[in-house]
Amino acid sequence: MTDSFKCEQVPYCALAEQYGTPVYIYSQQVMTDAFTQYQHAFSALQPLICYAVKANGNLSILRHFASLGSGFDIVSGGELQRVLLAGGDPAKTIFSGVGKSKAEIEFALTNNILCFNVESLPELERINTIAGKLGTHAPISLRINPNVDARTHPYISTGLKANKFGIAYAEALAAYQYAASLPNLNIIGLDCHIGSQLTDLSPLVEALERLLPLIDQLTALGFQLKHIDLGGGIGIVYHNESVPDLPAYASAVAKLLAGRNLKLMLEPGRSLIGNAGDLLTTVEYIKQGEEKNFVIVDAAMNDLMRPSLYQAYHGILNVSETTADEFVADVVGPICESGDFLAKDRTIAAKAGDLLLVQCAGAYASSMASNYNTRCRAAEVLVNGTEHRLIRPRENLSELLANEQSCLRTI
Ligand code: LLP
């Protein structure tokens, strides 16, 4: 194996030897750089950057973002628990999502989170009732659907009329007035999120342009909003897509917000962690099918669902000193589904035993992992310079089966 492929200063082959495969490897420096880039680009506006926990909720990763001063965007009570355990600040935590349960709302209220991003009138009523019972006022913002096409994969586009998210633009004023009529709410902001993996800047700017006249109308009606939250971050380069320029995005936002006394909030996930992680996997077999070749590896769709679910592209590098010739193959896992693939028709040189690096697997990889086919979830390792440490041990079968086994005994 060669030492030339490294995460920071640690060769991938050494990491594979120590921790086994499949394993997610994260670079702390890449995370820090990505966060700092947001801070620099938006420095004129001093935004609150709330890392979207759903992208990767590993406690050590959350702790690192907290140490950089990040707030958090959560979508469940479980994610709030992660933020708290990691030492994140609930006063910098916002709660998004269309289906917040009573227990989750109560948990968030008792921990004094910064704001609920509310997505419907029934949710407003529920939060109002629970806040009343707790003798408090719930800080809320309404997620308004600007009806802008984010031009991304339909499963991760959220700002269109047909999507389940947000309150319709046409109903926004009425929704704010309704919120104002409820006694236990404190209306502090307005937010939107139009989609993820945005490769074009214009929908982001268009969404803000649509929301500003609404804010003016609200101000005229006597609402005093403190913040505007523009939702998730920009897309990242997985293959050869062009992605929005962060400083260009920041200056467009600064221009539009000039003269307004509104704090900016952002909820980036993918662009903070996506490029910081890779998935290391070992080739089990090379199989020559009748029509296709297959590189069968020890990682599968349960470790990285994005190719199967969104036809997403992830670069794959052979980081071994391979002696194999190049050929065209599908890179597939051991799961019993034809939909289990990490790459299709990829030109690759690989032989059994080689170590492959599946790139850009920091975001929506481990956080979307499952135990399908009773596969244990992979280990996660954080690298910092020459140091590295386990931040989640590989799951083992006895842990995986313990809950069910205890039920077997009680029957
Ligand atoms: N805020 C809200 C309300 C969101 O729904 C999301 C992502 C974000 C922020 C973070 O967006 P980002 O900066 O990461 O683009 N599993 C899919 C992505 C789902 C995104 C869901 N919402 C994927 O692997 O592409």
# chains A, B, ... in the order shown; residues from 1 in each chain; ligands from 1
>>> residues_near_ligand(ligand="ligand 1", cutoff="6 Å", atoms="only C-alpha atoms and all ligand atoms", output="PyMOL selection string")
chain A and resi 52+55+96+156+193+196-197+231-233+267-271+306+364
>>> write_last_selection(atoms="all heavy atoms", output="short mmCIF file (atom, residue, chain, number, x, y, z; two decimals), in the first residue's frame")
data_model
loop_
_atom_site.label_atom_id
_atom_site.label_comp_id
_atom_site.auth_asym_id
_atom_site.auth_seq_id
_atom_site.Cartn_x
_atom_site.Cartn_y
_atom_site.Cartn_z
N ALA A 52 -26.36 22.60 10.47
CA ALA A 52 -27.52 21.69 10.36
C ALA A 52 -27.10 20.28 10.79
O ALA A 52 -26.40 19.57 10.07
CB ALA A 52 -28.05 21.67 8.93
N ALA A 55 -26.94 16.86 8.79
CA ALA A 55 -25.89 16.52 7.82
C ALA A 55 -24.92 15.51 8.43
O ALA A 55 -24.47 14.58 7.75
CB ALA A 55 -25.15 17.77 7.37
N SER A 96 -36.15 23.32 13.41
CA SER A 96 -36.90 23.29 12.15
C SER A 96 -37.67 21.97 12.04
O SER A 96 -37.48 21.07 12.85
CB SER A 96 -35.94 23.39 10.96
OG SER A 96 -35.15 24.55 11.03
N ILE A 156 -34.79 16.80 -2.65
CA ILE A 156 -34.18 17.75 -1.71
C ILE A 156 -34.48 19.19 -2.08
O ILE A 156 -33.82 20.13 -1.65
CB ILE A 156 -32.65 17.50 -1.54
CG1 ILE A 156 -31.93 17.43 -2.90
CG2 ILE A 156 -32.39 16.24 -0.76
CD1 ILE A 156 -30.42 17.26 -2.79
N HIS A 193 -36.25 27.96 3.59
CA HIS A 193 -35.20 27.02 3.17
C HIS A 193 -35.70 26.42 1.89
O HIS A 193 -36.74 25.76 1.88
CB HIS A 193 -34.98 25.94 4.24
CG HIS A 193 -34.13 24.81 3.74
ND1 HIS A 193 -32.76 24.92 3.62
CD2 HIS A 193 -34.44 23.57 3.29
CE1 HIS A 193 -32.28 23.78 3.13
NE2 HIS A 193 -33.28 22.95 2.93
N SER A 196 -31.55 21.82 -0.92
CA SER A 196 -30.18 21.48 -0.58
C SER A 196 -29.40 21.19 -1.86
O SER A 196 -29.99 20.95 -2.91
CB SER A 196 -30.22 20.26 0.33
OG SER A 196 -28.97 20.02 0.90
N GLN A 197 -28.07 21.18 -1.74
CA GLN A 197 -27.17 20.99 -2.89
C GLN A 197 -27.54 21.98 -4.01
O GLN A 197 -27.76 21.60 -5.15
CB GLN A 197 -27.17 19.52 -3.36
CG GLN A 197 -26.20 19.17 -4.49
CD GLN A 197 -24.75 19.61 -4.24
OE1 GLN A 197 -24.37 20.00 -3.15
NE2 GLN A 197 -23.94 19.59 -5.26
N GLY A 231 -31.94 29.68 5.76
CA GLY A 231 -31.93 28.22 5.60
C GLY A 231 -30.55 27.66 5.28
O GLY A 231 -29.52 28.25 5.63
N GLY A 232 -30.56 26.53 4.59
CA GLY A 232 -29.32 25.77 4.36
C GLY A 232 -28.31 26.51 3.51
O GLY A 232 -28.57 27.59 2.98
N GLY A 233 -27.15 25.88 3.36
CA GLY A 233 -26.03 26.53 2.68
C GLY A 233 -25.97 26.19 1.20
O GLY A 233 -26.91 25.63 0.64
N GLU A 267 -28.31 28.22 8.00
CA GLU A 267 -28.36 26.84 8.51
C GLU A 267 -27.58 25.89 7.60
O GLU A 267 -28.14 24.89 7.12
CB GLU A 267 -29.82 26.36 8.57
CG GLU A 267 -30.76 27.25 9.34
CD GLU A 267 -32.25 26.88 9.10
OE1 GLU A 267 -32.54 25.97 8.29
OE2 GLU A 267 -33.10 27.52 9.74
N PRO A 268 -26.32 26.13 7.32
CA PRO A 268 -25.60 25.25 6.41
C PRO A 268 -25.24 23.91 7.05
O PRO A 268 -24.90 23.85 8.24
CB PRO A 268 -24.32 26.04 6.08
CG PRO A 268 -24.13 26.97 7.23
CD PRO A 268 -25.48 27.23 7.84
N GLY A 269 -25.34 22.86 6.28
CA GLY A 269 -24.92 21.54 6.76
C GLY A 269 -23.87 20.99 5.82
O GLY A 269 -22.67 20.95 6.12
N ARG A 270 -24.33 20.62 4.62
CA ARG A 270 -23.46 19.97 3.64
C ARG A 270 -22.16 20.74 3.37
O ARG A 270 -21.08 20.15 3.33
CB ARG A 270 -24.24 19.84 2.32
CG ARG A 270 -23.55 19.01 1.27
CD ARG A 270 -24.24 19.18 -0.08
NE ARG A 270 -25.67 19.05 -0.02
CZ ARG A 270 -26.34 17.92 -0.22
NH1 ARG A 270 -25.68 16.81 -0.50
NH2 ARG A 270 -27.66 17.89 -0.15
N SER A 271 -22.27 22.08 3.22
CA SER A 271 -21.07 22.84 2.84
C SER A 271 -20.10 22.99 4.00
O SER A 271 -18.98 23.43 3.82
CB SER A 271 -21.48 24.22 2.28
OG SER A 271 -22.47 24.81 3.11
N ARG A 306 -26.74 7.91 -0.72
CA ARG A 306 -26.97 8.98 -1.70
C ARG A 306 -26.98 8.49 -3.15
O ARG A 306 -27.85 8.89 -3.92
CB ARG A 306 -25.96 10.11 -1.51
CG ARG A 306 -25.96 10.70 -0.09
CD ARG A 306 -25.20 12.01 0.02
NE ARG A 306 -25.89 13.07 -0.67
CZ ARG A 306 -25.56 13.51 -1.85
NH1 ARG A 306 -24.52 13.02 -2.49
NH2 ARG A 306 -26.26 14.46 -2.44
N TYR A 364 -24.61 13.71 5.12
CA TYR A 364 -25.70 12.82 4.72
C TYR A 364 -25.18 11.43 4.33
O TYR A 364 -25.69 10.81 3.40
CB TYR A 364 -26.51 13.45 3.58
CG TYR A 364 -27.02 14.84 3.92
CD1 TYR A 364 -26.52 15.97 3.29
CD2 TYR A 364 -27.97 15.01 4.93
CE1 TYR A 364 -26.97 17.24 3.63
CE2 TYR A 364 -28.42 16.27 5.27
CZ TYR A 364 -27.91 17.38 4.62
OH TYR A 364 -28.36 18.64 4.97
#
>>> select_by_dssp(residues="stretch 210-295 of chain A", states="helix (DSSP H, G or I)", output="PyMOL selection string")
chain A and resi 210-220+246-257+270-276
>>> closest_residue(among="A:Ala363, A:Ala108, A:Ile391, A:Leu304", to="A:Leu59", atoms="only C-alpha atoms")
A:Ile391
>>> residues_around(residues="stretch 70-73 of chain A", least_positions_apart="4", cutoff="9 Å", atoms="only C-alpha atoms", output="PyMOL selection string")
chain A and resi 35+48-54+62+64-66+79-80+83+88-96+266-269
>>> atom_distance(atom1="atom CA of A:Val331", atom2="atom CA of A:Asp354")
12.7 Å
>>> residues_around(residues="A:Gln177", least_positions_apart="5", cutoff="12 Å", atoms="only C-alpha atoms", output="ChimeraX atom specification")
/A:121,124,142,171-172,182-183,185,187,217-219,221-223
>>> write_last_selection(atoms="C-alpha atoms", output="PDB file, in the first residue's frame")
ATOM      1  CA  LEU A 121     -50.941  26.829  11.873  1.00  0.00           C
ATOM      2  CA  LEU A 124     -48.372  27.264  16.089  1.00  0.00           C
ATOM      3  CA  LEU A 142     -42.524  31.321  10.505  1.00  0.00           C
ATOM      4  CA  GLU A 171     -50.980  33.009   3.537  1.00  0.00           C
ATOM      5  CA  ALA A 172     -47.970  34.441   5.329  1.00  0.00           C
ATOM      6  CA  LEU A 182     -51.936  33.464  20.452  1.00  0.00           C
ATOM      7  CA  PRO A 183     -50.900  34.548  23.941  1.00  0.00           C
ATOM      8  CA  LEU A 185     -45.809  33.053  21.507  1.00  0.00           C
ATOM      9  CA  ILE A 187     -42.696  36.270  17.237  1.00  0.00           C
ATOM     10  CA  GLN A 217     -45.687  44.585   5.093  1.00  0.00           C
ATOM     11  CA  LEU A 218     -45.217  42.927   8.471  1.00  0.00           C
ATOM     12  CA  THR A 219     -43.306  45.935   9.770  1.00  0.00           C
ATOM     13  CA  LEU A 221     -48.522  46.059  10.561  1.00  0.00           C
ATOM     14  CA  GLY A 222     -46.424  46.550  13.697  1.00  0.00           C
ATOM     15  CA  PHE A 223     -44.430  43.300  13.750  1.00  0.00           C
TER      16      PHE A 223
END
>>> closest_residue(among="A:Asp345, A:Val295, A:Thr281, A:Ala379", to="A:Ser320", atoms="only C-alpha atoms")
A:Thr281
>>> select_by_dssp(residues="stretch 116-361 of chain A", states="strand (DSSP E)", output="PyMOL selection string")
chain A and resi 116-118+138-145+167-168+185-191+227-229+263-266+277-288+293-297+316-318+326-332+341-349+355-358
>>> write_last_selection(atoms="C-alpha atoms", output="PDB file, in the first residue's frame")
ATOM      1  CA  PHE A 116     -38.853  27.369  16.650  1.00  0.00           C
ATOM      2  CA  ASN A 117     -39.105  27.588  12.866  1.00  0.00           C
ATOM      3  CA  VAL A 118     -42.825  26.934  12.552  1.00  0.00           C
ATOM      4  CA  ALA A 138     -42.155  30.335  22.913  1.00  0.00           C
ATOM      5  CA  PRO A 139     -39.839  32.233  20.561  1.00  0.00           C
ATOM      6  CA  ILE A 140     -41.027  31.549  17.020  1.00  0.00           C
ATOM      7  CA  SER A 141     -40.318  32.341  13.419  1.00  0.00           C
ATOM      8  CA  LEU A 142     -42.524  31.321  10.505  1.00  0.00           C
ATOM      9  CA  ARG A 143     -41.037  29.332   7.672  1.00  0.00           C
ATOM     10  CA  ILE A 144     -42.422  30.935   4.565  1.00  0.00           C
ATOM     11  CA  ASN A 145     -42.399  29.075   1.307  1.00  0.00           C
ATOM     12  CA  ILE A 167     -46.373  28.243   5.018  1.00  0.00           C
ATOM     13  CA  ALA A 168     -47.604  29.428   1.609  1.00  0.00           C
ATOM     14  CA  LEU A 185     -45.809  33.053  21.507  1.00  0.00           C
ATOM     15  CA  ASN A 186     -43.054  35.554  20.971  1.00  0.00           C
ATOM     16  CA  ILE A 187     -42.696  36.270  17.237  1.00  0.00           C
ATOM     17  CA  ILE A 188     -39.053  36.999  16.504  1.00  0.00           C
ATOM     18  CA  GLY A 189     -38.268  36.093  12.928  1.00  0.00           C
ATOM     19  CA  LEU A 190     -38.975  34.829   9.455  1.00  0.00           C
ATOM     20  CA  ASP A 191     -37.261  31.977   7.716  1.00  0.00           C
ATOM     21  CA  HIS A 227     -33.994  38.034  12.379  1.00  0.00           C
ATOM     22  CA  ILE A 228     -34.224  36.525   8.943  1.00  0.00           C
ATOM     23  CA  ASP A 229     -33.040  32.965   8.466  1.00  0.00           C
ATOM     24  CA  LYS A 263     -29.934  39.695  12.256  1.00  0.00           C
ATOM     25  CA  LEU A 264     -28.987  37.143   9.589  1.00  0.00           C
ATOM     26  CA  MET A 265     -29.141  33.444  10.396  1.00  0.00           C
ATOM     27  CA  LEU A 266     -27.925  30.607   8.176  1.00  0.00           C
ATOM     28  CA  GLY A 277     -15.355  13.291   5.180  1.00  0.00           C
ATOM     29  CA  ASP A 278     -14.635  10.243   3.022  1.00  0.00           C
ATOM     30  CA  LEU A 279     -15.696   6.632   3.277  1.00  0.00           C
ATOM     31  CA  LEU A 280     -12.862   4.085   3.162  1.00  0.00           C
ATOM     32  CA  THR A 281     -13.803   0.672   1.866  1.00  0.00           C
ATOM     33  CA  THR A 282     -12.002  -2.526   0.867  1.00  0.00           C
ATOM     34  CA  VAL A 283     -12.530  -4.418  -2.381  1.00  0.00           C
ATOM     35  CA  GLU A 284     -13.867  -7.897  -1.588  1.00  0.00           C
ATOM     36  CA  TYR A 285     -14.158  -9.304  -5.104  1.00  0.00           C
ATOM     37  CA  ILE A 286     -13.925  -8.360  -8.748  1.00  0.00           C
ATOM     38  CA  LYS A 287     -16.784 -10.021 -10.591  1.00  0.00           C
ATOM     39  CA  GLN A 288     -17.167 -10.186 -14.331  1.00  0.00           C
ATOM     40  CA  ASN A 293     -18.080  -5.758 -14.376  1.00  0.00           C
ATOM     41  CA  PHE A 294     -18.586  -5.296 -10.669  1.00  0.00           C
ATOM     42  CA  VAL A 295     -16.185  -4.115  -8.017  1.00  0.00           C
ATOM     43  CA  ILE A 296     -17.749  -5.551  -4.875  1.00  0.00           C
ATOM     44  CA  VAL A 297     -16.682  -3.614  -1.787  1.00  0.00           C
ATOM     45  CA  ILE A 316     -13.889   6.980  -5.956  1.00  0.00           C
ATOM     46  CA  LEU A 317     -10.111   6.785  -5.656  1.00  0.00           C
ATOM     47  CA  ASN A 318      -8.010   3.678  -5.310  1.00  0.00           C
ATOM     48  CA  GLU A 326      -8.295   0.054 -15.679  1.00  0.00           C
ATOM     49  CA  PHE A 327     -11.731  -1.252 -16.617  1.00  0.00           C
ATOM     50  CA  VAL A 328     -15.322   0.001 -16.475  1.00  0.00           C
ATOM     51  CA  ALA A 329     -17.416  -1.319 -13.608  1.00  0.00           C
ATOM     52  CA  ASP A 330     -20.212  -0.670 -11.159  1.00  0.00           C
ATOM     53  CA  VAL A 331     -18.896  -0.305  -7.619  1.00  0.00           C
ATOM     54  CA  VAL A 332     -21.401  -2.180  -5.483  1.00  0.00           C
ATOM     55  CA  PHE A 341     -24.379   0.696  -5.647  1.00  0.00           C
ATOM     56  CA  LEU A 342     -21.860   3.410  -4.847  1.00  0.00           C
ATOM     57  CA  ALA A 343     -20.998   4.136  -8.483  1.00  0.00           C
ATOM     58  CA  LYS A 344     -22.202   3.104 -11.928  1.00  0.00           C
ATOM     59  CA  ASP A 345     -20.095   2.596 -15.032  1.00  0.00           C
ATOM     60  CA  ARG A 346     -16.982   3.994 -13.436  1.00  0.00           C
ATOM     61  CA  THR A 347     -13.540   3.611 -15.012  1.00  0.00           C
ATOM     62  CA  ILE A 348     -11.428   2.169 -12.237  1.00  0.00           C
ATOM     63  CA  ALA A 349      -8.292   0.139 -11.633  1.00  0.00           C
ATOM     64  CA  LEU A 355      -8.538   0.167  -0.530  1.00  0.00           C
ATOM     65  CA  LEU A 356     -10.982   2.613  -2.139  1.00  0.00           C
ATOM     66  CA  LEU A 357     -11.827   6.096  -0.957  1.00  0.00           C
ATOM     67  CA  VAL A 358     -15.412   7.197  -1.612  1.00  0.00           C
TER      68      VAL A 358
END
>>> residues_around(residues="A:Val381", least_positions_apart="4", cutoff="6 Å", atoms="only C-alpha atoms", output="list in words")
Ile25, Arg389, Leu390 and Ile391 of chain A
>>> write_last_selection(atoms="all heavy atoms", output="JSON list (two decimals), in the first residue's frame")
[["chain", "number", "residue", "atom", "x", "y", "z"],
["A", 25, "ILE", "N", -13.84, 8.72, 7.51],
["A", 25, "ILE", "CA", -12.68, 9.46, 7.99],
["A", 25, "ILE", "C", -12.97, 10.95, 7.81],
["A", 25, "ILE", "O", -13.32, 11.39, 6.71],
["A", 25, "ILE", "CB", -11.42, 9.11, 7.16],
["A", 25, "ILE", "CG1", -11.19, 7.59, 7.09],
["A", 25, "ILE", "CG2", -10.19, 9.86, 7.68],
["A", 25, "ILE", "CD1", -10.71, 6.96, 8.36],
["A", 389, "ARG", "N", -8.46, 9.81, 16.03],
["A", 389, "ARG", "CA", -9.13, 9.05, 17.09],
["A", 389, "ARG", "C", -10.52, 8.62, 16.65],
["A", 389, "ARG", "O", -11.14, 9.26, 15.78],
["A", 389, "ARG", "CB", -9.19, 9.87, 18.39],
["A", 389, "ARG", "CG", -10.07, 11.07, 18.29],
["A", 389, "ARG", "CD", -9.99, 11.92, 19.54],
["A", 389, "ARG", "NE", -10.77, 13.13, 19.33],
["A", 389, "ARG", "CZ", -12.06, 13.25, 19.62],
["A", 389, "ARG", "NH1", -12.72, 12.23, 20.14],
["A", 389, "ARG", "NH2", -12.70, 14.38, 19.40],
["A", 390, "LEU", "N", -10.95, 7.54, 17.28],
["A", 390, "LEU", "CA", -12.27, 7.01, 17.01],
["A", 390, "LEU", "C", -13.30, 7.98, 17.59],
["A", 390, "LEU", "O", -13.20, 8.38, 18.75],
["A", 390, "LEU", "CB", -12.36, 5.67, 17.74],
["A", 390, "LEU", "CG", -13.24, 4.55, 17.23],
["A", 390, "LEU", "CD1", -13.02, 4.29, 15.75],
["A", 390, "LEU", "CD2", -12.97, 3.30, 18.05],
["A", 391, "ILE", "N", -14.30, 8.37, 16.81],
["A", 391, "ILE", "CA", -15.37, 9.20, 17.38],
["A", 391, "ILE", "C", -16.70, 8.44, 17.39],
["A", 391, "ILE", "O", -17.69, 8.92, 17.89],
["A", 391, "ILE", "CB", -15.49, 10.57, 16.67],
["A", 391, "ILE", "CG1", -15.71, 10.41, 15.16],
["A", 391, "ILE", "CG2", -14.28, 11.44, 16.96],
["A", 391, "ILE", "CD1", -16.05, 11.72, 14.46]]
>>> residues_around(residues="stretch 237-241 of chain A", least_positions_apart="3", cutoff="8 Å", atoms="only C-alpha atoms", output="list in words")
Thr199, Tyr313, His314, Gly315, Gln359 and Cys360 of chain A
>>> write_last_selection(atoms="N, CA and C atoms", output="CSV table (one decimal), in the first residue's frame")
chain,number,residue,atom,x,y,z
A,199,THR,N,-26.8,24.5,-6.7
A,199,THR,CA,-25.6,24.7,-7.6
A,199,THR,C,-25.7,26.1,-8.3
A,313,TYR,N,-23.5,11.3,-7.5
A,313,TYR,CA,-22.2,10.9,-7.9
A,313,TYR,C,-21.2,11.2,-6.7
A,314,HIS,N,-20.4,10.2,-6.4
A,314,HIS,CA,-19.3,10.3,-5.4
A,314,HIS,C,-18.1,9.8,-6.1
A,315,GLY,N,-17.0,10.6,-6.1
A,315,GLY,CA,-15.8,10.2,-6.7
A,315,GLY,C,-15.2,9.0,-5.9
A,359,GLN,N,-15.4,9.6,-2.0
A,359,GLN,CA,-15.1,11.0,-1.6
A,359,GLN,C,-16.4,11.7,-1.2
A,360,CYS,N,-16.2,12.8,-0.6
A,360,CYS,CA,-17.3,13.8,-0.2
A,360,CYS,C,-18.4,13.0,0.6
>>> closest_residue(among="A:Leu309, A:Leu204, A:Ala369, A:Leu15", to="A:Leu256", atoms="only C-alpha atoms")
A:Leu204
>>> atom_distance(atom1="atom CA of A:Ala402", atom2="atom CA of A:Met368")
21.4 Å
>>> atom_distance(atom1="atom CA of A:Ile130", atom2="atom CA of A:Asn112")
13.3 Å
>>> residues_around(residues="A:Ser43", least_positions_apart="6", cutoff="12 Å", atoms="only C-alpha atoms", output="list in words")
Phe35, Thr36, Gln37, Ile49, Leu246, Pro247, Ala250, Ser251, Val253, Ala254 and Leu264 of chain A
>>> write_last_selection(atoms="N, CA and C atoms", output="JSON list (two decimals), in the first residue's frame")
[["chain", "number", "residue", "atom", "x", "y", "z"],
["A", 35, "PHE", "N", -16.07, 26.41, 7.97],
["A", 35, "PHE", "CA", -16.80, 27.31, 8.88],
["A", 35, "PHE", "C", -16.22, 28.73, 8.79],
["A", 36, "THR", "N", -14.88, 28.80, 8.75],
["A", 36, "THR", "CA", -14.23, 30.11, 8.69],
["A", 36, "THR", "C", -14.57, 30.82, 7.38],
["A", 37, "GLN", "N", -14.70, 30.03, 6.31],
["A", 37, "GLN", "CA", -15.06, 30.66, 5.02],
["A", 37, "GLN", "C", -16.43, 31.34, 5.10],
["A", 49, "ILE", "N", -24.38, 31.43, 12.49],
["A", 49, "ILE", "CA", -24.32, 30.24, 11.63],
["A", 49, "ILE", "C", -24.75, 29.05, 12.48],
["A", 246, "LEU", "N", -19.33, 31.68, -2.49],
["A", 246, "LEU", "CA", -19.82, 32.11, -1.17],
["A", 246, "LEU", "C", -19.74, 33.64, -0.98],
["A", 247, "PRO", "N", -18.58, 34.26, -1.32],
["A", 247, "PRO", "CA", -18.53, 35.73, -1.19],
["A", 247, "PRO", "C", -19.59, 36.43, -2.06],
["A", 250, "ALA", "N", -22.79, 36.11, -0.22],
["A", 250, "ALA", "CA", -22.78, 37.01, 0.94],
["A", 250, "ALA", "C", -22.99, 38.45, 0.52],
["A", 251, "SER", "N", -22.34, 38.86, -0.58],
["A", 251, "SER", "CA", -22.49, 40.29, -0.92],
["A", 251, "SER", "C", -23.88, 40.57, -1.47],
["A", 253, "VAL", "N", -26.58, 39.11, -0.41],
["A", 253, "VAL", "CA", -27.44, 39.17, 0.79],
["A", 253, "VAL", "C", -27.21, 40.50, 1.52],
["A", 254, "ALA", "N", -25.93, 40.89, 1.64],
["A", 254, "ALA", "CA", -25.61, 42.13, 2.35],
["A", 254, "ALA", "C", -26.28, 43.32, 1.67],
["A", 264, "LEU", "N", -28.95, 38.22, 10.58],
["A", 264, "LEU", "CA", -28.99, 37.14, 9.59],
["A", 264, "LEU", "C", -28.67, 35.81, 10.27]]
>>> closest_residue(among="A:Asn147, A:Lys100, A:Asn58, A:Tyr24", to="A:Arg82", atoms="only C-alpha atoms")
A:Asn58
>>> closest_residue(among="A:Thr374, A:Gly235, A:Ser202, A:Asp325", to="A:Leu272", atoms="only C-alpha atoms")
A:Gly235
>>> decode(residues="stretch 276-289 of chain A", atoms="N, CA and C atoms", output="PDB file, in the first residue's frame")
ATOM      1  N   ALA A 276     -15.375  17.341   4.229  1.00  0.00           N
ATOM      2  CA  ALA A 276     -14.460  16.979   5.319  1.00  0.00           C
ATOM      3  C   ALA A 276     -14.413  15.472   5.542  1.00  0.00           C
ATOM      4  N   GLY A 277     -15.297  14.731   4.897  1.00  0.00           N
ATOM      5  CA  GLY A 277     -15.355  13.291   5.180  1.00  0.00           C
ATOM      6  C   GLY A 277     -15.271  12.430   3.940  1.00  0.00           C
ATOM      7  N   ASP A 278     -14.679  11.245   4.097  1.00  0.00           N
ATOM      8  CA  ASP A 278     -14.635  10.243   3.022  1.00  0.00           C
ATOM      9  C   ASP A 278     -14.980   8.892   3.640  1.00  0.00           C
ATOM     10  N   LEU A 279     -15.391   7.985   2.813  1.00  0.00           N
ATOM     11  CA  LEU A 279     -15.696   6.632   3.277  1.00  0.00           C
ATOM     12  C   LEU A 279     -14.643   5.692   2.703  1.00  0.00           C
ATOM     13  N   LEU A 280     -13.900   5.027   3.598  1.00  0.00           N
ATOM     14  CA  LEU A 280     -12.862   4.085   3.162  1.00  0.00           C
ATOM     15  C   LEU A 280     -13.460   2.693   3.106  1.00  0.00           C
ATOM     16  N   THR A 281     -13.211   2.003   2.013  1.00  0.00           N
ATOM     17  CA  THR A 281     -13.803   0.672   1.866  1.00  0.00           C
ATOM     18  C   THR A 281     -12.810  -0.257   1.173  1.00  0.00           C
ATOM     19  N   THR A 282     -12.925  -1.548   1.445  1.00  0.00           N
ATOM     20  CA  THR A 282     -12.002  -2.526   0.867  1.00  0.00           C
ATOM     21  C   THR A 282     -12.705  -3.316  -0.237  1.00  0.00           C
ATOM     22  N   VAL A 283     -11.963  -3.594  -1.306  1.00  0.00           N
ATOM     23  CA  VAL A 283     -12.530  -4.418  -2.381  1.00  0.00           C
ATOM     24  C   VAL A 283     -12.549  -5.871  -1.919  1.00  0.00           C
ATOM     25  N   GLU A 284     -13.744  -6.482  -1.953  1.00  0.00           N
ATOM     26  CA  GLU A 284     -13.867  -7.897  -1.588  1.00  0.00           C
ATOM     27  C   GLU A 284     -13.602  -8.791  -2.801  1.00  0.00           C
ATOM     28  N   TYR A 285     -14.271  -8.479  -3.891  1.00  0.00           N
ATOM     29  CA  TYR A 285     -14.158  -9.304  -5.104  1.00  0.00           C
ATOM     30  C   TYR A 285     -14.245  -8.428  -6.351  1.00  0.00           C
ATOM     31  N   ILE A 286     -13.646  -8.911  -7.419  1.00  0.00           N
ATOM     32  CA  ILE A 286     -13.925  -8.360  -8.748  1.00  0.00           C
ATOM     33  C   ILE A 286     -14.757  -9.428  -9.449  1.00  0.00           C
ATOM     34  N   LYS A 287     -15.910  -9.040  -9.945  1.00  0.00           N
ATOM     35  CA  LYS A 287     -16.784 -10.021 -10.591  1.00  0.00           C
ATOM     36  C   LYS A 287     -17.076  -9.596 -12.018  1.00  0.00           C
ATOM     37  N   GLN A 288     -16.846 -10.500 -12.938  1.00  0.00           N
ATOM     38  CA  GLN A 288     -17.167 -10.186 -14.331  1.00  0.00           C
ATOM     39  C   GLN A 288     -18.514 -10.786 -14.672  1.00  0.00           C
ATOM     40  N   GLY A 289     -19.529  -9.898 -14.760  1.00  0.00           N
ATOM     41  CA  GLY A 289     -20.870 -10.369 -15.099  1.00  0.00           C
ATOM     42  C   GLY A 289     -20.986 -10.540 -16.597  1.00  0.00           C
TER      43      GLY A 289
END
